[in-house]
$ cat structure_24.txt   # compact mmCIF, C-alpha atoms and all ligand atoms
# COMPACT_ATOMS: atom_id res chain seq x y z
CA MET A 26 9.25 -78.65 75.33
CA LEU A 27 12.05 -78.43 72.78
CA HIS A 28 12.06 -75.57 70.34
CA GLN A 29 14.23 -76.10 67.29
CA SER A 30 15.65 -73.08 65.58
CA VAL A 31 16.84 -75.11 62.53
CA ALA A 32 15.60 -78.22 60.79
CA ILE A 33 16.80 -81.52 62.27
CA ASP A 34 19.65 -83.09 60.36
CA THR A 35 21.56 -86.26 61.04
CA ASN A 36 24.13 -84.53 63.20
CA SER A 37 22.83 -85.00 66.73
CA ILE A 38 25.33 -82.55 68.24
CA TRP A 39 24.11 -79.82 65.93
CA PHE A 40 20.57 -80.75 66.95
CA ILE A 41 21.41 -80.27 70.65
CA LEU A 42 23.22 -76.99 70.01
CA SER A 43 20.32 -75.62 67.99
CA SER A 44 17.61 -76.66 70.46
CA ARG A 45 16.43 -74.64 73.39
CA ILE A 46 14.19 -75.59 76.27
CA LEU A 47 11.17 -73.34 76.76
CA LEU A 48 10.65 -73.72 80.50
CA LEU A 49 7.28 -71.96 80.64
CA ASP A 50 5.67 -72.83 77.33
CA GLY A 51 1.87 -72.42 77.51
CA LYS A 52 1.96 -70.73 80.93
CA VAL A 53 0.39 -67.37 81.76
CA ALA A 54 2.48 -65.28 84.18
CA LEU A 55 1.58 -62.03 85.93
CA ILE A 56 4.44 -59.98 87.39
CA THR A 57 3.69 -56.96 89.57
CA GLY A 58 5.86 -53.85 89.13
CA SER A 59 7.35 -55.15 85.88
CA THR A 60 8.10 -52.05 83.80
CA GLN A 61 11.68 -51.69 85.05
CA GLY A 62 14.41 -53.34 87.09
CA ILE A 63 14.02 -56.90 88.33
CA GLY A 64 10.32 -57.17 87.38
CA LEU A 65 11.05 -56.19 83.78
CA ALA A 66 13.97 -58.63 83.59
CA ILE A 67 11.66 -61.43 84.79
CA ALA A 68 9.02 -60.42 82.23
CA LYS A 69 11.66 -60.51 79.48
CA GLU A 70 13.09 -63.86 80.57
CA PHE A 71 9.62 -65.45 80.77
CA ALA A 72 8.26 -64.04 77.48
CA GLU A 73 11.32 -63.89 75.25
CA HIS A 74 13.26 -66.98 76.34
CA ASN A 75 10.75 -69.34 77.92
CA GLY A 76 7.50 -69.17 75.95
CA ALA A 77 5.21 -67.74 78.67
CA THR A 78 2.44 -65.25 78.05
CA VAL A 79 3.38 -62.37 80.34
CA ILE A 80 1.09 -59.76 81.88
CA VAL A 81 3.31 -56.71 82.45
CA CYS A 82 2.03 -54.59 85.37
CA SER A 83 2.46 -51.06 86.67
CA ARG A 84 0.35 -48.61 88.62
CA SER A 85 0.30 -46.66 85.36
CA LYS A 86 -1.58 -48.27 82.49
CA ASP A 87 0.49 -46.34 79.91
CA LYS A 88 3.78 -47.44 81.44
CA ALA A 89 2.62 -51.06 81.47
CA ARG A 90 1.42 -50.85 77.86
CA ARG A 91 4.69 -49.29 76.67
CA ALA A 92 6.87 -51.84 78.51
CA ALA A 93 4.81 -54.78 77.23
CA ALA A 94 5.05 -53.49 73.65
CA LEU A 95 8.86 -53.44 73.84
CA LEU A 96 9.07 -57.14 74.71
CA ASN A 97 9.18 -59.89 72.11
CA GLY A 98 6.89 -62.85 72.65
CA LYS A 99 3.35 -63.07 73.99
CA THR A 100 2.54 -60.15 76.28
CA ASP A 101 -0.37 -58.23 77.70
CA TYR A 102 -0.50 -55.45 80.28
CA ALA A 103 -2.50 -54.40 83.32
CA SER A 104 -2.57 -51.46 85.68
CA ILE A 105 -2.31 -52.81 89.22
CA ASP A 106 -1.72 -50.88 92.43
CA VAL A 107 -1.11 -53.57 95.04
CA THR A 108 -2.30 -51.26 97.82
CA SER A 109 -5.78 -51.06 96.31
CA ASP A 110 -8.30 -53.91 96.40
CA ALA A 111 -10.40 -52.09 93.81
CA SER A 112 -7.48 -51.81 91.38
CA ILE A 113 -6.63 -55.50 91.80
CA VAL A 114 -10.21 -56.72 91.33
CA LYS A 115 -10.77 -54.50 88.27
CA SER A 116 -7.56 -55.56 86.52
CA MET A 117 -7.75 -59.22 87.46
CA THR A 118 -11.31 -59.43 86.11
CA LYS A 119 -10.04 -58.15 82.75
CA VAL A 120 -6.94 -60.36 82.75
CA LEU A 121 -8.94 -63.50 83.56
CA ALA A 122 -11.54 -62.65 80.92
CA SER A 123 -8.74 -62.52 78.31
CA HIS A 124 -6.43 -65.30 79.49
CA LYS A 125 -8.80 -67.61 81.45
CA HIS A 126 -6.19 -68.45 84.12
CA ILE A 127 -2.94 -67.33 85.74
CA ASP A 128 -0.30 -70.05 86.16
CA ILE A 129 2.45 -67.95 87.72
CA LEU A 130 2.30 -64.88 89.96
CA VAL A 131 5.49 -62.97 90.78
CA ASN A 132 5.01 -60.61 93.73
CA ASN A 133 7.80 -58.21 92.75
CA ALA A 134 6.28 -54.77 93.47
CA GLY A 135 8.23 -53.01 96.18
CA PHE A 136 8.18 -49.70 97.98
CA PRO A 137 10.69 -47.35 96.30
CA PHE A 138 14.21 -47.27 97.77
CA GLU A 139 14.32 -44.08 99.86
CA ARG A 140 17.43 -42.94 101.67
CA LYS A 141 15.45 -41.22 104.42
CA ILE A 142 13.80 -44.53 105.31
CA TRP A 143 16.60 -46.98 104.56
CA TYR A 144 19.44 -45.14 106.33
CA LYS A 145 17.78 -44.95 109.76
CA SER A 146 18.35 -46.97 112.89
CA LEU A 147 15.40 -48.56 114.70
CA ASP A 148 15.05 -45.78 117.29
CA GLN A 149 14.84 -43.22 114.46
CA ILE A 150 12.29 -44.88 112.16
CA SER A 151 8.77 -43.56 111.84
CA ILE A 152 5.77 -45.84 112.24
CA THR A 153 4.32 -44.19 109.14
CA ALA A 154 7.32 -45.35 107.10
CA LEU A 155 6.97 -48.86 108.50
CA LYS A 156 3.26 -48.96 107.61
CA ASP A 157 3.90 -47.57 104.10
CA ILE A 158 6.47 -50.24 103.29
CA LEU A 159 4.42 -53.05 104.82
CA GLU A 160 1.43 -51.90 102.80
CA VAL A 161 3.22 -52.37 99.46
CA ASP A 162 5.71 -55.19 100.04
CA THR A 163 3.82 -57.36 102.50
CA VAL A 164 0.11 -56.57 102.41
CA GLY A 165 0.33 -55.95 98.64
CA SER A 166 1.81 -59.43 98.13
CA VAL A 167 -0.91 -60.93 100.33
CA ARG A 168 -3.66 -59.10 98.39
CA MET A 169 -2.33 -60.35 95.05
CA THR A 170 -1.81 -63.87 96.38
CA LYS A 171 -5.36 -64.12 97.77
CA THR A 172 -6.85 -63.05 94.47
CA VAL A 173 -4.66 -65.16 92.21
CA ILE A 174 -4.87 -68.29 94.38
CA GLY A 175 -8.65 -68.03 94.12
CA SER A 176 -8.39 -68.19 90.34
CA MET A 177 -5.75 -70.99 90.47
CA LEU A 178 -8.08 -73.10 92.61
CA ALA A 179 -11.03 -72.40 90.33
CA SER A 180 -9.07 -73.39 87.20
CA LYS A 181 -7.85 -76.62 88.88
CA ARG A 182 -4.50 -76.13 87.05
CA GLY A 183 -2.49 -75.40 90.18
CA GLY A 184 0.20 -72.76 89.87
CA VAL A 185 3.34 -71.12 91.21
CA ILE A 186 3.77 -68.01 93.35
CA VAL A 187 7.19 -66.36 93.50
CA ASN A 188 7.72 -63.80 96.26
CA ILE A 189 10.62 -61.35 96.26
CA SER A 190 12.42 -60.80 99.55
CA SER A 191 15.80 -59.46 100.56
CA THR A 192 18.76 -60.85 102.55
CA PRO A 193 18.30 -58.57 105.61
CA ALA A 194 15.05 -60.52 106.18
CA MET A 195 17.16 -63.53 107.18
CA TYR A 196 20.29 -61.93 108.55
CA GLY A 197 19.19 -58.50 109.85
CA HIS A 198 20.96 -55.27 108.93
CA PHE A 199 22.53 -52.21 110.51
CA GLU A 200 19.65 -49.93 109.46
CA GLY A 201 16.43 -49.94 107.44
CA ALA A 202 14.36 -52.10 109.82
CA PRO A 203 10.98 -51.32 108.16
CA TYR A 204 12.20 -52.87 104.90
CA THR A 205 13.73 -55.84 106.74
CA MET A 206 10.48 -56.51 108.59
CA ALA A 207 8.35 -56.20 105.45
CA LYS A 208 10.59 -58.62 103.57
CA ALA A 209 10.78 -61.08 106.51
CA ALA A 210 7.01 -61.50 106.44
CA ILE A 211 7.33 -62.51 102.79
CA VAL A 212 9.19 -65.67 103.83
CA ALA A 213 6.29 -66.61 106.10
CA LEU A 214 3.81 -65.89 103.30
CA THR A 215 5.67 -68.29 100.99
CA LYS A 216 5.70 -71.06 103.59
CA HIS A 217 1.98 -70.64 104.25
CA ILE A 218 1.13 -70.83 100.58
CA ALA A 219 3.28 -73.96 100.23
CA ARG A 220 1.74 -75.74 103.24
CA GLU A 221 -1.86 -74.64 102.78
CA TYR A 222 -2.10 -75.23 99.03
CA GLY A 223 0.51 -77.92 98.27
CA LYS A 224 -2.20 -80.57 98.00
CA ARG A 225 -3.92 -78.42 95.36
CA ASN A 226 -0.71 -78.32 93.29
CA ILE A 227 0.14 -74.69 94.11
CA ARG A 228 3.84 -74.15 94.85
CA ALA A 229 5.59 -71.11 96.31
CA TYR A 230 9.14 -69.77 96.54
CA THR A 231 10.94 -66.85 98.09
CA LEU A 232 13.75 -65.32 96.06
CA MET A 233 15.92 -63.63 98.68
CA LEU A 234 18.06 -61.05 96.93
CA GLY A 235 21.33 -59.40 97.77
CA ASN A 236 22.57 -56.28 95.96
CA ILE A 237 21.09 -56.25 92.48
CA ALA A 238 22.00 -53.31 90.22
CA THR A 239 18.74 -51.64 89.15
CA GLU A 240 17.45 -48.16 88.35
CA ALA A 241 16.04 -48.01 91.87
CA THR A 242 19.26 -48.87 93.71
CA TYR A 243 22.61 -48.76 91.93
CA LYS A 244 21.73 -45.80 89.72
CA PHE A 245 21.18 -43.50 92.71
CA MET A 246 24.21 -44.57 94.73
CA THR A 247 27.53 -42.84 95.16
CA ARG A 248 30.71 -44.53 93.92
CA GLU A 249 31.58 -45.45 97.51
CA GLU A 250 28.16 -47.02 98.12
CA ARG A 251 28.47 -49.06 94.95
CA LEU A 252 31.93 -50.32 95.92
CA LYS A 253 30.75 -51.16 99.43
CA GLY A 254 27.77 -53.08 98.00
CA ALA A 255 30.06 -55.07 95.70
CA GLN A 256 32.44 -55.95 98.54
CA GLU A 257 29.62 -57.55 100.54
CA ALA A 258 29.40 -60.46 98.07
CA ALA A 259 31.94 -63.30 97.91
CA MET A 260 31.84 -62.67 94.16
CA LYS A 261 32.79 -59.00 94.76
CA ARG A 262 30.19 -57.56 92.44
CA TRP A 263 26.54 -56.56 92.19
CA GLY A 264 24.06 -59.01 90.74
CA ARG A 265 22.25 -58.32 87.48
CA PRO A 266 18.43 -58.35 87.21
CA GLU A 267 18.79 -61.01 84.49
CA GLU A 268 20.48 -63.32 87.00
CA VAL A 269 17.43 -63.09 89.26
CA ALA A 270 15.12 -63.59 86.29
CA LYS A 271 16.74 -66.88 85.29
CA VAL A 272 16.21 -68.29 88.79
CA ALA A 273 12.59 -67.09 88.71
CA ALA A 274 12.07 -69.00 85.44
CA CYS A 275 13.61 -72.17 86.91
CA VAL A 276 11.52 -72.26 90.08
CA SER A 277 8.37 -71.43 88.10
CA SER A 278 8.98 -74.36 85.77
CA ASP A 279 8.19 -78.06 86.09
CA TYR A 280 11.86 -78.65 86.94
CA PHE A 281 10.87 -77.62 90.49
CA SER A 282 7.74 -79.77 90.60
CA PHE A 283 8.60 -81.45 93.94
CA ALA A 284 10.20 -78.47 95.69
CA THR A 285 8.06 -75.88 97.44
CA GLY A 286 8.26 -73.33 100.26
CA ASN A 287 11.97 -72.85 99.54
CA THR A 288 13.99 -69.69 100.02
CA VAL A 289 16.52 -69.25 97.23
CA VAL A 290 19.24 -66.77 98.18
CA ILE A 291 20.66 -64.86 95.20
CA ASP A 292 23.40 -62.67 96.59
CA GLY A 293 26.74 -63.71 95.07
CA GLY A 294 27.68 -65.44 98.31
CA ALA A 295 27.30 -62.46 100.64
CA GLU A 296 25.51 -64.43 103.31
CA MET A 297 25.95 -68.15 103.77
CA SER A 298 24.38 -70.35 106.41
N1 LIG B 1 17.54 -54.07 93.65
C1 LIG B 1 17.92 -54.71 94.74
O1 LIG B 1 19.10 -54.68 95.13
C2 LIG B 1 16.93 -55.51 95.55
C3 LIG B 1 17.41 -56.28 96.61
C4 LIG B 1 16.51 -57.03 97.35
C5 LIG B 1 15.17 -57.03 97.03
N2 LIG B 1 14.72 -56.25 96.01
C6 LIG B 1 13.29 -56.27 95.71
O2 LIG B 1 13.09 -56.58 94.35
C7 LIG B 1 11.91 -55.95 93.87
C8 LIG B 1 12.23 -55.12 92.63
O3 LIG B 1 13.25 -54.21 92.95
P1 LIG B 1 13.88 -53.18 91.90
O4 LIG B 1 15.24 -52.86 92.38
O5 LIG B 1 13.67 -53.68 90.51
O6 LIG B 1 12.97 -51.91 92.23
P2 LIG B 1 12.03 -50.94 91.35
O7 LIG B 1 12.71 -50.64 90.07
O8 LIG B 1 11.67 -49.82 92.24
O9 LIG B 1 10.77 -51.84 91.03
C9 LIG B 1 9.70 -51.98 91.90
C10 LIG B 1 8.44 -51.76 91.13
O10 LIG B 1 7.36 -51.83 92.06
C11 LIG B 1 6.31 -51.06 91.51
N3 LIG B 1 5.47 -50.55 92.59
C12 LIG B 1 5.79 -49.69 93.59
N4 LIG B 1 4.71 -49.45 94.36
C13 LIG B 1 3.69 -50.18 93.83
C14 LIG B 1 2.32 -50.36 94.16
N5 LIG B 1 1.75 -49.72 95.20
N6 LIG B 1 1.57 -51.19 93.39
C15 LIG B 1 2.11 -51.84 92.34
N7 LIG B 1 3.40 -51.69 91.96
C16 LIG B 1 4.17 -50.88 92.72
C17 LIG B 1 6.92 -49.94 90.69
O11 LIG B 1 6.24 -49.89 89.45
P3 LIG B 1 5.32 -48.65 88.93
O12 LIG B 1 5.95 -47.38 89.45
O13 LIG B 1 5.39 -48.78 87.45
O14 LIG B 1 3.95 -48.89 89.48
C18 LIG B 1 8.36 -50.40 90.45
O15 LIG B 1 8.66 -50.55 89.10
C19 LIG B 1 11.36 -55.13 95.04
O16 LIG B 1 10.39 -55.88 95.73
C20 LIG B 1 12.60 -54.94 95.91
O17 LIG B 1 12.30 -54.70 97.26
C21 LIG B 1 15.57 -55.49 95.26
$ encode --input "structure_24.txt" --output "structure tokens"
Amino acid sequence: MLHQSVAIDTNSIWFILSSRILLLDGKVALITGSTQGIGLAIAKEFAEHNGATVIVCSRSKDKARRAAALLNGKTDYASIDVTSDASIVKSMTKVLASHKHIDILVNNAGFPFERKIWYKSLDQISITALKDILEVDTVGSVRMTKTVIGSMLASKRGGVIVNISSTPAMYGHFEGAPYTMAKAAIVALTKHIAREYGKRNIRAYTLMLGNIATEATYKFMTREERLKGAQEAAMKRWGRPEEVAKVAACVSSDYFSFATGNTVVIDGGAEMS
């Protein structure tokens, strides 16, 4: 849908320059873990630039409310802990009562970046750490997907599910195997959603991210770690959360109506296959 910021005049070039496409107009999107970092950037892109109604989520209701209030556009908030069925059911019941349906789910919530887990080789990792990460990144995404797909099927509107993974899931890494394994399962989840529900007009995508500068990563790194991260990309820099958010808006839109199950790598050309 075209949104004009000025009245149409006879100058068609001016008309094009002053028009903007709202990719997600009329859609309701729920984004887990969206009070900071990549999740917040996606919420902003969807609500402020693409016309979606966005449900901002956090484990903390106050944090979600505050983040939602700072965004322009149509927003709501929900407290969702993806490790808790009770939390998901309670919040989704409220969200569906208010908004009737969810058109887009972004499974963004991720276990916090922790040096003591990430910087360990496979023989050093603890099974507890593996289970903790799987519980949030993988099982949490499955829990949310099960619930939201149920409502997408009931509404008969179809929908889009965007899952957030990471490049080690495809290429492996020198350490941090629990995270790699949790994010690899996300690719399989996407493909299952695409194959099982394609005929019901539900699409799914994996966004496979390289080094994206967020509060959780870049902010806590040493100068050397930041430089090393930048050197990994062909573009010799870290990605910005906004650059992930724009891709999320594209795949969630009707522009991707005949593409599903895809993995979109967003890593500045670090890994190419
Ligand atoms: N930054 C990168 O370089 C990078 C690279 C590859 C992939 N990723 C992935 O991208 C996503 C976002 O990363 P980010 O850098 O923006 O990290 P982040 O700032 O730590 O964001 C993750 C969010 O997940 C939420 N969360 C954690 N545990 C949760 C739970 N049990 N239930 C619900 N929400 C939970 C947190 O929100 P609350 O504390 O408010 O609940 C947090 O805001 C993650 O899945 C991450 O693995 C990031």
$ residues_near_ligand --input "structure_24.txt" --ligand "ligand LIG 1 (chain B)" --cutoff "7 Å" --atoms "all atoms listed in the file" --output "NGL selection string"
:A and (57-64 or 83-85 or 88-89 or 105-108 or 133-138 or 161-162 or 189-192 or 233-242)
$ closest_atom_pairs --input "structure_24.txt" --of "range 256-292 of chain A" --to "range 46-51 of chain A" --cutoff "8 Å" --atoms "only C-alpha atoms" --output "CSV"
residue,atom,partner,partner_atom,distance
A:Ala274,CA,A:Leu48,CA,7.0
A:Cys275,CA,A:Leu48,CA,7.2
A:Ser277,CA,A:Leu49,CA,7.6
A:Ser278,CA,A:Leu48,CA,5.6
A:Asp279,CA,A:Leu48,CA,7.5
$ axis_aligned_box --input "structure_24.txt" --around "range 205-221 of chain A" --padding-each-side "5 Å" --output "JSON"
{"center_x": 5.9, "center_y": -65.8, "center_z": 104.4, "size_x": 25.6, "size_y": 29.9, "size_z": 18.4}
$ residues_near_point --input "structure_24.txt" --point "(26.3, -53.7, 95.0)" --cutoff "6 Å" --atoms "only C-alpha atoms" --output "number ranges by chain"
A: 236, 251, 254-255, 263
$ atom_distance --input "structure_24.txt" --atom1 "CA of Pro193 in chain A" --atom2 "CA of Lys208 in chain A"
8.0 Å
$ residues_around --input "structure_24.txt" --residues "Ser123 in chain A" --least-positions-apart "5" --cutoff "10 Å" --atoms "only C-alpha atoms" --output "MDAnalysis selection string"
chainID A and resid 101 117:118
$ atom_distance --input "structure_24.txt" --atom1 "CA of Phe199 in chain A" --atom2 "CA of Ser146 in chain A"
7.1 Å
$ closest_residue --input "structure_24.txt" --among "A:Ala194, A:Ile227, A:Leu155, A:Ala94" --to "Ile211 in chain A" --atoms "all atoms listed in the file"
A:Ala194
$ atom_distance --input "structure_24.txt" --atom1 "CA of Ile56 in chain A" --atom2 "CA of Met246 in chain A"
26.1 Å
$ closest_residue --input "structure_24.txt" --among "A:Met177, A:Ala93, A:Ile186, A:Ala202" --to "Glu73 in chain A" --atoms "all atoms listed in the file"
A:Ala93
$ residues_around --input "structure_24.txt" --residues "Val187 in chain A" --least-positions-apart "3" --cutoff "8 Å" --atoms "all atoms listed in the file" --output "PyMOL selection string"
chain A and resi 129-132+215+229-232+273+277
$ closest_residue --input "structure_24.txt" --among "A:Lys171, A:His198, A:His74, A:Lys52" --to "Leu147 in chain A" --atoms "only C-alpha atoms"
A:His198
$ closest_residue --input "structure_24.txt" --among "A:Tyr102, A:Tyr280, A:Tyr204, A:Tyr196" --to "Ile150 in chain A" --atoms "only C-alpha atoms"
A:Tyr204
$ closest_residue --input "structure_24.txt" --among "A:His126, A:Lys271, A:Lys69, A:Lys115" --to "Gly175 in chain A" --atoms "all atoms listed in the file"
A:His126
$ closest_residue --input "structure_24.txt" --among "A:Lys141, A:Arg182, A:Arg248, A:Lys156" --to "Glu200 in chain A" --atoms "all atoms listed in the file"
A:Lys141
$ decode --input "structure_24.txt" --residues "range 173-194 of chain A" --atoms "N, CA and C atoms" --output "PDB file, in the first residue's frame"
ATOM      1  N   VAL A 173       1.409 -20.004  18.260  1.00  0.00           N
ATOM      2  CA  VAL A 173       0.991 -19.010  17.267  1.00  0.00           C
ATOM      3  C   VAL A 173       0.450 -19.675  16.007  1.00  0.00           C
ATOM      4  N   ILE A 174       1.041 -20.791  15.599  1.00  0.00           N
ATOM      5  CA  ILE A 174       0.505 -21.484  14.412  1.00  0.00           C
ATOM      6  C   ILE A 174      -0.936 -21.908  14.663  1.00  0.00           C
ATOM      7  N   GLY A 175      -1.215 -22.352  15.872  1.00  0.00           N
ATOM      8  CA  GLY A 175      -2.598 -22.730  16.214  1.00  0.00           C
ATOM      9  C   GLY A 175      -3.547 -21.578  15.927  1.00  0.00           C
ATOM     10  N   SER A 176      -3.146 -20.367  16.338  1.00  0.00           N
ATOM     11  CA  SER A 176      -4.035 -19.219  16.121  1.00  0.00           C
ATOM     12  C   SER A 176      -4.058 -18.812  14.646  1.00  0.00           C
ATOM     13  N   MET A 177      -2.926 -18.997  13.924  1.00  0.00           N
ATOM     14  CA  MET A 177      -2.910 -18.668  12.488  1.00  0.00           C
ATOM     15  C   MET A 177      -3.851 -19.594  11.719  1.00  0.00           C
ATOM     16  N   LEU A 178      -3.851 -20.876  12.104  1.00  0.00           N
ATOM     17  CA  LEU A 178      -4.737 -21.832  11.431  1.00  0.00           C
ATOM     18  C   LEU A 178      -6.193 -21.497  11.735  1.00  0.00           C
ATOM     19  N   ALA A 179      -6.459 -21.153  12.990  1.00  0.00           N
ATOM     20  CA  ALA A 179      -7.840 -20.851  13.383  1.00  0.00           C
ATOM     21  C   ALA A 179      -8.364 -19.612  12.653  1.00  0.00           C
ATOM     22  N   SER A 180      -7.488 -18.618  12.448  1.00  0.00           N
ATOM     23  CA  SER A 180      -7.946 -17.371  11.806  1.00  0.00           C
ATOM     24  C   SER A 180      -8.093 -17.521  10.294  1.00  0.00           C
ATOM     25  N   LYS A 181      -7.483 -18.580   9.747  1.00  0.00           N
ATOM     26  CA  LYS A 181      -7.495 -18.841   8.293  1.00  0.00           C
ATOM     27  C   LYS A 181      -6.841 -17.708   7.487  1.00  0.00           C
ATOM     28  N   ARG A 182      -6.018 -16.876   8.149  1.00  0.00           N
ATOM     29  CA  ARG A 182      -5.338 -15.777   7.446  1.00  0.00           C
ATOM     30  C   ARG A 182      -3.933 -16.167   7.004  1.00  0.00           C
ATOM     31  N   GLY A 183      -3.480 -17.357   7.405  1.00  0.00           N
ATOM     32  CA  GLY A 183      -2.083 -17.709   7.137  1.00  0.00           C
ATOM     33  C   GLY A 183      -1.171 -16.882   8.026  1.00  0.00           C
ATOM     34  N   GLY A 184       0.099 -16.775   7.642  1.00  0.00           N
ATOM     35  CA  GLY A 184       1.011 -15.982   8.449  1.00  0.00           C
ATOM     36  C   GLY A 184       2.461 -16.264   8.099  1.00  0.00           C
ATOM     37  N   VAL A 185       3.347 -15.599   8.837  1.00  0.00           N
ATOM     38  CA  VAL A 185       4.789 -15.714   8.601  1.00  0.00           C
ATOM     39  C   VAL A 185       5.495 -15.909   9.934  1.00  0.00           C
ATOM     40  N   ILE A 186       6.449 -16.854   9.948  1.00  0.00           N
ATOM     41  CA  ILE A 186       7.255 -17.056  11.161  1.00  0.00           C
ATOM     42  C   ILE A 186       8.722 -16.845  10.790  1.00  0.00           C
ATOM     43  N   VAL A 187       9.356 -15.917  11.489  1.00  0.00           N
ATOM     44  CA  VAL A 187      10.766 -15.594  11.241  1.00  0.00           C
ATOM     45  C   VAL A 187      11.568 -16.094  12.431  1.00  0.00           C
ATOM     46  N   ASN A 188      12.533 -16.969  12.164  1.00  0.00           N
ATOM     47  CA  ASN A 188      13.362 -17.529  13.235  1.00  0.00           C
ATOM     48  C   ASN A 188      14.780 -16.974  13.134  1.00  0.00           C
ATOM     49  N   ILE A 189      15.346 -16.637  14.285  1.00  0.00           N
ATOM     50  CA  ILE A 189      16.690 -16.024  14.280  1.00  0.00           C
ATOM     51  C   ILE A 189      17.745 -17.068  14.634  1.00  0.00           C
ATOM     52  N   SER A 190      18.660 -17.279  13.686  1.00  0.00           N
ATOM     53  CA  SER A 190      19.764 -18.209  13.891  1.00  0.00           C
ATOM     54  C   SER A 190      21.088 -17.456  13.769  1.00  0.00           C
ATOM     55  N   SER A 191      22.154 -18.200  13.647  1.00  0.00           N
ATOM     56  CA  SER A 191      23.480 -17.587  13.672  1.00  0.00           C
ATOM     57  C   SER A 191      24.411 -18.390  12.753  1.00  0.00           C
ATOM     58  N   THR A 192      25.382 -17.721  12.139  1.00  0.00           N
ATOM     59  CA  THR A 192      26.200 -18.396  11.104  1.00  0.00           C
ATOM     60  C   THR A 192      26.938 -19.656  11.583  1.00  0.00           C
ATOM     61  N   PRO A 193      27.375 -19.770  12.839  1.00  0.00           N
ATOM     62  CA  PRO A 193      27.998 -21.038  13.237  1.00  0.00           C
ATOM     63  C   PRO A 193      27.083 -22.250  13.008  1.00  0.00           C
ATOM     64  N   ALA A 194      25.768 -22.017  12.988  1.00  0.00           N
ATOM     65  CA  ALA A 194      24.824 -23.118  12.774  1.00  0.00           C
ATOM     66  C   ALA A 194      25.053 -23.777  11.422  1.00  0.00           C
TER      67      ALA A 194
END
